[in-house]
Amino acid sequence: MDPLAGMDDSSTDDDTASQTTEDDPQVPEHHLPPAPAPLPAQIPSTARVPAPAAREKPHYALRHTLRGHAESISAVKFSPDGKLLASCGAEKVVKIWSPETGEFLRNLSGHTAGLSDIAWSSDSVFLASASDDMHIRIWDIETGLTHKILKGHTKWVFCLNYNTASNLLVSGGCDGDVRIWNAARGKCMKTLHAHLDYVTAVHFNRDATLIVSCALDGLIRIWNTSDGQCLKTLAEGHDAICQHVQFSPNSKYILSTAHDSAIRLWDYQTTRCLKTYTGHVNSKYCISACFSVTGGKWIVAGSEDHKTYIWDLQTREIVQILEGHTDVVVAVATHPTQNMIATGSIDSDLAIRIWVDRGPRPSA
Amino acid sequence: MNESLINPFSISHPTAVQTSLFATALFAKFDPSGRYIAAGRANGSAEIWDLETRAPIRWLDGHVKALTSLDWSRNSRFILTSAKDWNVVIWDLASKSDPLQRHNTIRFDAPVASASFHPRNSQVILALLTTGDAYVVDLRKEHRSRTELYEVLEESEEEEPSRPGMTCARFDPSGKHIFVGTTAGSLLVFNTRTKTMIARHKISGAGTMKGLEFSKSGRRLVTNSSDRTLRQFVVPTYPHPSSIPPINAGVNMKMAVDGEEPEPGAIDEQEPGAIDEQEPGSIDEPQQHENQEPGYIEQELEPTHRFSDPISKTAWHAMSYSPDGEWLAGGAADPAGHKIYIWDISNDGQLASALDGGREPLSHLHWHHTKSCIASTTIHGNILIWHCPSPERWGAFAGGFEEVDENVEYEEKEDEFDIEDAAVIFARKMKAEEEEVDIDTGSEPVAKPIPGGTSADDEDIAWAEEEPDGDDKLGWAMHVVMDDGEGDDYL
C-alpha cells in the first residue's frame, strides 16, 4: 500500500484542522485497500495458529479519520462517559473530538511545550495533561479553561493518571520521580524517587491503594499509595525495557509493553508472567497497549509497522490487524462502553483513526 | 484487595500517629467505606475530610450550636448531625449543590444529645434528648411517625415511680433492637419495629450509664458508666417479639407505644409453644412462664470483662472495637495527657498496649471500619490518625529479591543448575500461558452484609428494608469539588 495514500485524500482539509469522515462513499476506494468489509476475511491468513474457529473474533472497521494535529500524536483517551475523545501531541494543545461523528470540538491551549499524556477524571468533567513545560494542567472541559496548574516536577512530565475517585492524580516525570497530587487543590502530596530514568507510565489500581510505575531503567515497581513505600519490583530481561504499564480492569494483573516486541500480562502478587502477546513490532517507540472488555476480551496495541494489532486475551492469537495508518501507531484507546478503538500515529501520518466493531457482517 | 501485598502480617492494633488533622473538632468519625472522616465542631458545622488527600472536602453548615453527635449511613451517602440547637439534620453527599444543602431537618423540643441512623435504612432515626427521652423517628412515607421509647416500670407499692432518664441510646448492628442506658444503671432493650421494651438488664454497681458501643458483628457490647469501668457483655439473643406471651403484655405494650397501637398481627401470629422453640443460648425466662406477668425480660447481665485503670482510676470518654472485634480501644479521660488503652479481647481482655498521643487530652476516639486505624480527637480539636507503621522493605526495590529475617543455610535444589533445553522451557511456558485469566471481574465493591440475617427470614428486617433510602454503593460517587480558594495559582 502506498504510504502516502492516506495523506492524499485528506489534503483538502489538512490545513483547516478539521476531519475527514471515512463514511464518505468515494473515499475508501483509494484510501484503504482492505476496506471495512474484506478486513475480517484476511485474518485466518495472518493468524499464527490455525484458527480454532469456535472463538469469536473482532470485526473492527475504520469509521473516522480525524486530522488536525500538526505534530506527532502522543496519546488518545476516551472520556469515561464515552462522549468525547481527547488527544495530545508535540504541539502544546489538547484536542477534543466527538468519537461518534468524528467532529473536532475544541482546542485546550495554554501549555508552553509539547504534551506527552492526558487523563480524564471519572466524571468526565476534568482532563489533566502532562507537558514538557514541567507542569500538569487540569482543564474544565465544559469551559475549556485551565482549572489548576500543578507545578513541582523538575523535568518533563511524561505520564499521568487519575484514581477512580478522581481525588488523586499520579504523574511520572523524566527525572525518575513519581508524584502524587491532590487533584482538588492542585498540590503535590508526595514525591517518590521511584526510578533512575524516564518514568514512562503510572497507573492506580481500582481502589487506589497501589500505584504501578515503569521506567526506561527497565523496572516495573508497585507502590503503596498511602505511605509511598515500594512493595515490589518486577524486572524483565535486559532487552525488554518496559514502556507502558497498567492494571487490568479488576486490578488483579498488570499489562506491560516492552521493547522486545512483547506485551506481557503479569500476576503481580506472584511475580509471574501469565501471558505474552507477540507479533507486532516494538523496539524503539513508547507504545501503549490496552484492554478491550466491551465485547470479546482483547488486548489492543499499536506497532512500529504502522498497524494496530488485536490479540485474543486468552489464546494470545492475533485476531485482527487494523491497517490504515501510514506511520508508527503509538497511541491507542478503547471506548468504555462501545466496541470502538481510537489510534493515533506520529510524524508522517498525524491522524487519529476511529475503528468500530459492528459485529460480523453477512459476507459482503 | 491487596492485603497480601500491603500487609503481610495479620491485622494488629495501631501503634503510632500517622498524621494529625487540624480540624477544630469535638469528635471525629470514620465513614463505613473508610475513605473519609467527619469532624463535628463546636460552632455547629461539620467537616468531611478525605483521608487520601488529608484535606477537607465538604462543609456542612446547618446548626447554630455545638454538634453533639454525627452518624454515617451504611454506604456513606447520608450523614446525620445532631446539635444542641434542638435539631437533627440529614445531609445527602450525592447532592451536587455546593455548598451542601440540608436534605432533611428534624426538630425536637430539647437539645439533642445523640442521634443515629438505623443500620439498614437511613430514614429511620434514633434520637436521644438531653432531657433523657429517646425517640424513634421514621421518615418513610408509609410509616411516618415519631415514637417515644418508654421504659416499662415495675408496678411497685410506691405511688410515683420516677422514670430514670436515658443517657445513651444505640441501634444494635442488626438494627432489630435499640439499646438504651439509663441513669439507674440499667440497660433497656427495645424492639425497633414495635418500639416496645423487650428486656431490662440491671447492671450492678455501674451507676449512671455514660455510653455503649457494639462490636461489628453485634455479638459483644461494651458499656461505659459513672463508676469509671468499661464492662463488656455478650449480647443475649432475644426471643422473637411474637413469642413473648401476649396475655398481660398487652397492657405494657400499650404504655410503650404511645398512642400507636401495636400491629395486632404481630401478636396474633404467636403459635402456642413458641417460647419453647427458642434457640439455645437465648434467654429463657422461667419467671415469665410462671406468672405470665411482664411482656419483657428482666435479667441481670454479668459482664465478661471489666476494664478500668486500677491505679489512677481515670474515667473513660469513649471506646471503640476493632473491625474484627478482637481489640477494644478505650480513650482515657486523663486531664494531663492523651492516652488510649487497647485490650486484646481474643486474649481474655488483657491490656495490650497504652498509646500515648502527647499532651493534649483526649475527648473522643473511633476505630476505622475496616482497617487497623484509630482516630482520636484532642480537646484542642486536632484529630490524630493512628496506624500500624509497616517497616520499609528495601528488598522490594530489587526484582526477584527476597528478604529473610535471619540467616538461613541455603540448600541447593536438586535440579537447580541443570541445563534444560530452551525449547522445552519455551514449550512449558507456552503451555502455562494457556491458562485462562480473568481481567475484569471479581473486584466490584460488594455491600458488606449487615449482621442479623436477611429480610426473607425476619419480619423486623423486612420492615426496616421497606422503602429503601437509595443508599446503595453503586448508585453514587462523591464527586470532586475543585478548590478555588487559597493556593490557587491559576494565572
# chains A, B, ... in the order shown; residues from 1 in each chain; ligands from 1

$ residues_around --residues "Glu466 in chain B" --least-positions-apart "3" --cutoff "10 Å" --atoms "only C-alpha atoms" --output "list in words"
Arg120, Asn121, Arg140, Glu142, His143, Ser455, Ile461, Ala462, Trp463 and Asp469 of chain B

$ write_last_selection --atoms "all heavy atoms" --output "PDB file, in the first residue's frame"
ATOM      1  N   ARG B 120     -29.987  -0.346  58.628  1.00  0.00           N
ATOM      2  CA  ARG B 120     -30.471  -0.834  57.330  1.00  0.00           C
ATOM      3  C   ARG B 120     -31.234   0.213  56.537  1.00  0.00           C
ATOM      4  O   ARG B 120     -31.498   0.006  55.365  1.00  0.00           O
ATOM      5  CB  ARG B 120     -31.410  -2.027  57.538  1.00  0.00           C
ATOM      6  CG  ARG B 120     -30.694  -3.252  57.985  1.00  0.00           C
ATOM      7  CD  ARG B 120     -31.663  -4.346  58.305  1.00  0.00           C
ATOM      8  NE  ARG B 120     -31.000  -5.374  59.072  1.00  0.00           N
ATOM      9  CZ  ARG B 120     -30.393  -6.426  58.535  1.00  0.00           C
ATOM     10  NH1 ARG B 120     -30.399  -6.592  57.246  1.00  0.00           N
ATOM     11  NH2 ARG B 120     -29.794  -7.305  59.291  1.00  0.00           N
ATOM     12  N   ASN B 121     -31.644   1.259  57.177  1.00  0.00           N
ATOM     13  CA  ASN B 121     -32.428   2.245  56.454  1.00  0.00           C
ATOM     14  C   ASN B 121     -32.211   3.602  57.104  1.00  0.00           C
ATOM     15  O   ASN B 121     -32.589   3.813  58.254  1.00  0.00           O
ATOM     16  CB  ASN B 121     -33.907   1.867  56.480  1.00  0.00           C
ATOM     17  CG  ASN B 121     -34.675   2.598  55.413  1.00  0.00           C
ATOM     18  OD1 ASN B 121     -34.399   3.769  55.142  1.00  0.00           O
ATOM     19  ND2 ASN B 121     -35.621   1.917  54.791  1.00  0.00           N
ATOM     20  N   ARG B 140     -40.166   7.502  56.577  1.00  0.00           N
ATOM     21  CA  ARG B 140     -40.701   6.847  55.385  1.00  0.00           C
ATOM     22  C   ARG B 140     -42.166   7.224  55.209  1.00  0.00           C
ATOM     23  O   ARG B 140     -42.891   7.386  56.183  1.00  0.00           O
ATOM     24  CB  ARG B 140     -40.533   5.338  55.510  1.00  0.00           C
ATOM     25  CG  ARG B 140     -39.072   4.962  55.565  1.00  0.00           C
ATOM     26  CD  ARG B 140     -38.891   3.504  55.719  1.00  0.00           C
ATOM     27  NE  ARG B 140     -39.334   3.040  57.012  1.00  0.00           N
ATOM     28  CZ  ARG B 140     -39.269   1.779  57.411  1.00  0.00           C
ATOM     29  NH1 ARG B 140     -38.810   0.876  56.587  1.00  0.00           N
ATOM     30  NH2 ARG B 140     -39.680   1.418  58.597  1.00  0.00           N
ATOM     31  N   GLU B 142     -44.770   5.614  54.289  1.00  0.00           N
ATOM     32  CA  GLU B 142     -45.756   4.675  54.804  1.00  0.00           C
ATOM     33  C   GLU B 142     -45.786   4.618  56.322  1.00  0.00           C
ATOM     34  O   GLU B 142     -46.779   4.213  56.911  1.00  0.00           O
ATOM     35  CB  GLU B 142     -45.441   3.264  54.277  1.00  0.00           C
ATOM     36  CG  GLU B 142     -45.701   3.097  52.801  1.00  0.00           C
ATOM     37  CD  GLU B 142     -47.185   3.128  52.485  1.00  0.00           C
ATOM     38  OE1 GLU B 142     -47.922   2.412  53.179  1.00  0.00           O
ATOM     39  OE2 GLU B 142     -47.577   3.870  51.578  1.00  0.00           O
ATOM     40  N   HIS B 143     -44.665   4.952  56.928  1.00  0.00           N
ATOM     41  CA  HIS B 143     -44.547   4.730  58.371  1.00  0.00           C
ATOM     42  C   HIS B 143     -44.343   6.029  59.122  1.00  0.00           C
ATOM     43  O   HIS B 143     -43.995   6.005  60.285  1.00  0.00           O
ATOM     44  CB  HIS B 143     -43.351   3.825  58.668  1.00  0.00           C
ATOM     45  CG  HIS B 143     -43.427   2.488  58.010  1.00  0.00           C
ATOM     46  ND1 HIS B 143     -44.065   1.424  58.571  1.00  0.00           N
ATOM     47  CD2 HIS B 143     -42.949   2.067  56.815  1.00  0.00           C
ATOM     48  CE1 HIS B 143     -43.967   0.381  57.759  1.00  0.00           C
ATOM     49  NE2 HIS B 143     -43.308   0.754  56.685  1.00  0.00           N
ATOM     50  N   SER B 455     -33.942 -10.190  54.950  1.00  0.00           N
ATOM     51  CA  SER B 455     -35.356  -9.863  55.129  1.00  0.00           C
ATOM     52  C   SER B 455     -36.248 -11.087  54.962  1.00  0.00           C
ATOM     53  O   SER B 455     -37.361 -11.129  55.458  1.00  0.00           O
ATOM     54  CB  SER B 455     -35.758  -8.785  54.134  1.00  0.00           C
ATOM     55  OG  SER B 455     -35.482  -9.229  52.839  1.00  0.00           O
ATOM     56  N   ILE B 461     -36.530  -7.228  59.934  1.00  0.00           N
ATOM     57  CA  ILE B 461     -35.630  -6.773  58.884  1.00  0.00           C
ATOM     58  C   ILE B 461     -36.437  -6.389  57.651  1.00  0.00           C
ATOM     59  O   ILE B 461     -36.176  -5.373  57.013  1.00  0.00           O
ATOM     60  CB  ILE B 461     -34.594  -7.868  58.576  1.00  0.00           C
ATOM     61  CG1 ILE B 461     -33.703  -8.057  59.804  1.00  0.00           C
ATOM     62  CG2 ILE B 461     -33.771  -7.511  57.360  1.00  0.00           C
ATOM     63  CD1 ILE B 461     -32.764  -9.215  59.715  1.00  0.00           C
ATOM     64  N   ALA B 462     -37.447  -7.170  57.340  1.00  0.00           N
ATOM     65  CA  ALA B 462     -38.311  -6.851  56.204  1.00  0.00           C
ATOM     66  C   ALA B 462     -38.942  -5.476  56.414  1.00  0.00           C
ATOM     67  O   ALA B 462     -39.010  -4.662  55.492  1.00  0.00           O
ATOM     68  CB  ALA B 462     -39.383  -7.918  56.045  1.00  0.00           C
ATOM     69  N   TRP B 463     -39.324  -5.218  57.657  1.00  0.00           N
ATOM     70  CA  TRP B 463     -39.914  -3.915  57.968  1.00  0.00           C
ATOM     71  C   TRP B 463     -38.903  -2.804  57.732  1.00  0.00           C
ATOM     72  O   TRP B 463     -39.203  -1.780  57.131  1.00  0.00           O
ATOM     73  CB  TRP B 463     -40.384  -3.914  59.427  1.00  0.00           C
ATOM     74  CG  TRP B 463     -40.787  -2.558  59.919  1.00  0.00           C
ATOM     75  CD1 TRP B 463     -41.997  -1.953  59.745  1.00  0.00           C
ATOM     76  CD2 TRP B 463     -39.973  -1.626  60.641  1.00  0.00           C
ATOM     77  NE1 TRP B 463     -41.984  -0.709  60.316  1.00  0.00           N
ATOM     78  CE2 TRP B 463     -40.746  -0.483  60.874  1.00  0.00           C
ATOM     79  CE3 TRP B 463     -38.656  -1.655  61.108  1.00  0.00           C
ATOM     80  CZ2 TRP B 463     -40.260   0.618  61.557  1.00  0.00           C
ATOM     81  CZ3 TRP B 463     -38.163  -0.552  61.789  1.00  0.00           C
ATOM     82  CH2 TRP B 463     -38.966   0.573  62.003  1.00  0.00           C
ATOM     83  N   ASP B 469     -33.684   3.593  51.175  1.00  0.00           N
ATOM     84  CA  ASP B 469     -33.280   5.001  51.198  1.00  0.00           C
ATOM     85  C   ASP B 469     -32.447   5.424  49.997  1.00  0.00           C
ATOM     86  O   ASP B 469     -32.080   6.577  49.873  1.00  0.00           O
ATOM     87  CB  ASP B 469     -32.508   5.276  52.479  1.00  0.00           C
ATOM     88  CG  ASP B 469     -31.353   4.303  52.674  1.00  0.00           C
ATOM     89  OD1 ASP B 469     -31.036   3.573  51.720  1.00  0.00           O
ATOM     90  OD2 ASP B 469     -30.783   4.275  53.768  1.00  0.00           O
TER      91      ASP B 469
END

$ interface_residues --of "chain B" --to "chain A" --cutoff "6 Å" --atoms "only C-alpha atoms" --output "list in words"
Thr53, Ala396, Phe397, Ala398, Gly399, Glu433, Glu436, Ile439, Asp440, Thr441, Ser443, Met482, Asp483 and Tyr490 of chain B

$ write_last_selection --atoms "C-alpha atoms" --output "CSV table (one decimal), in the first residue's frame"
chain,number,residue,atom,x,y,z
B,53,THR,CA,-5.6,13.7,50.4
B,396,ALA,CA,11.2,-4.7,47.3
B,397,PHE,CA,13.4,-2.4,45.3
B,398,ALA,CA,15.2,-5.3,43.7
B,399,GLY,CA,13.3,-7.6,41.4
B,433,GLU,CA,0.1,-19.4,29.2
B,436,GLU,CA,-7.5,-18.6,31.3
B,439,ILE,CA,-9.2,-9.4,33.9
B,440,ASP,CA,-12.4,-7.6,34.5
B,441,THR,CA,-14.5,-9.2,37.3
B,443,SER,CA,-13.2,-6.6,42.3
B,482,MET,CA,-12.3,21.7,42.9
B,483,ASP,CA,-10.9,24.0,45.5
B,490,TYR,CA,-4.0,29.8,38.2

$ residues_around --residues "Ser345 in chain A" --least-positions-apart "5" --cutoff "7 Å" --atoms "only C-alpha atoms" --output "list of chain:residue names"
A:Ser72, A:Ile73, A:His325, A:Asp327, A:Val328, A:Val329, A:Val330, A:Ala331, A:Leu350, A:Ala351, A:Ile352

$ residues_around --residues "Val234 in chain B" --least-positions-apart "6" --cutoff "10 Å" --atoms "only C-alpha atoms" --output "PyMOL selection string"
chain B and resi 214+218-222+301-305

$ residues_around --residues "Ala42 in chain B" --least-positions-apart "5" --cutoff "7 Å" --atoms "only C-alpha atoms" --output "PyMOL selection string"
chain B and resi 26+65-67

$ atom_distance --atom1 "CA of Ser288 in chain A" --atom2 "CA of Gly302 in chain A"
7.0 Å

$ closest_residue --among "B:Trp394, B:Tyr135, B:Phe233, B:Tyr410" --to "Val112 in chain B" --atoms "only C-alpha atoms"
B:Tyr135
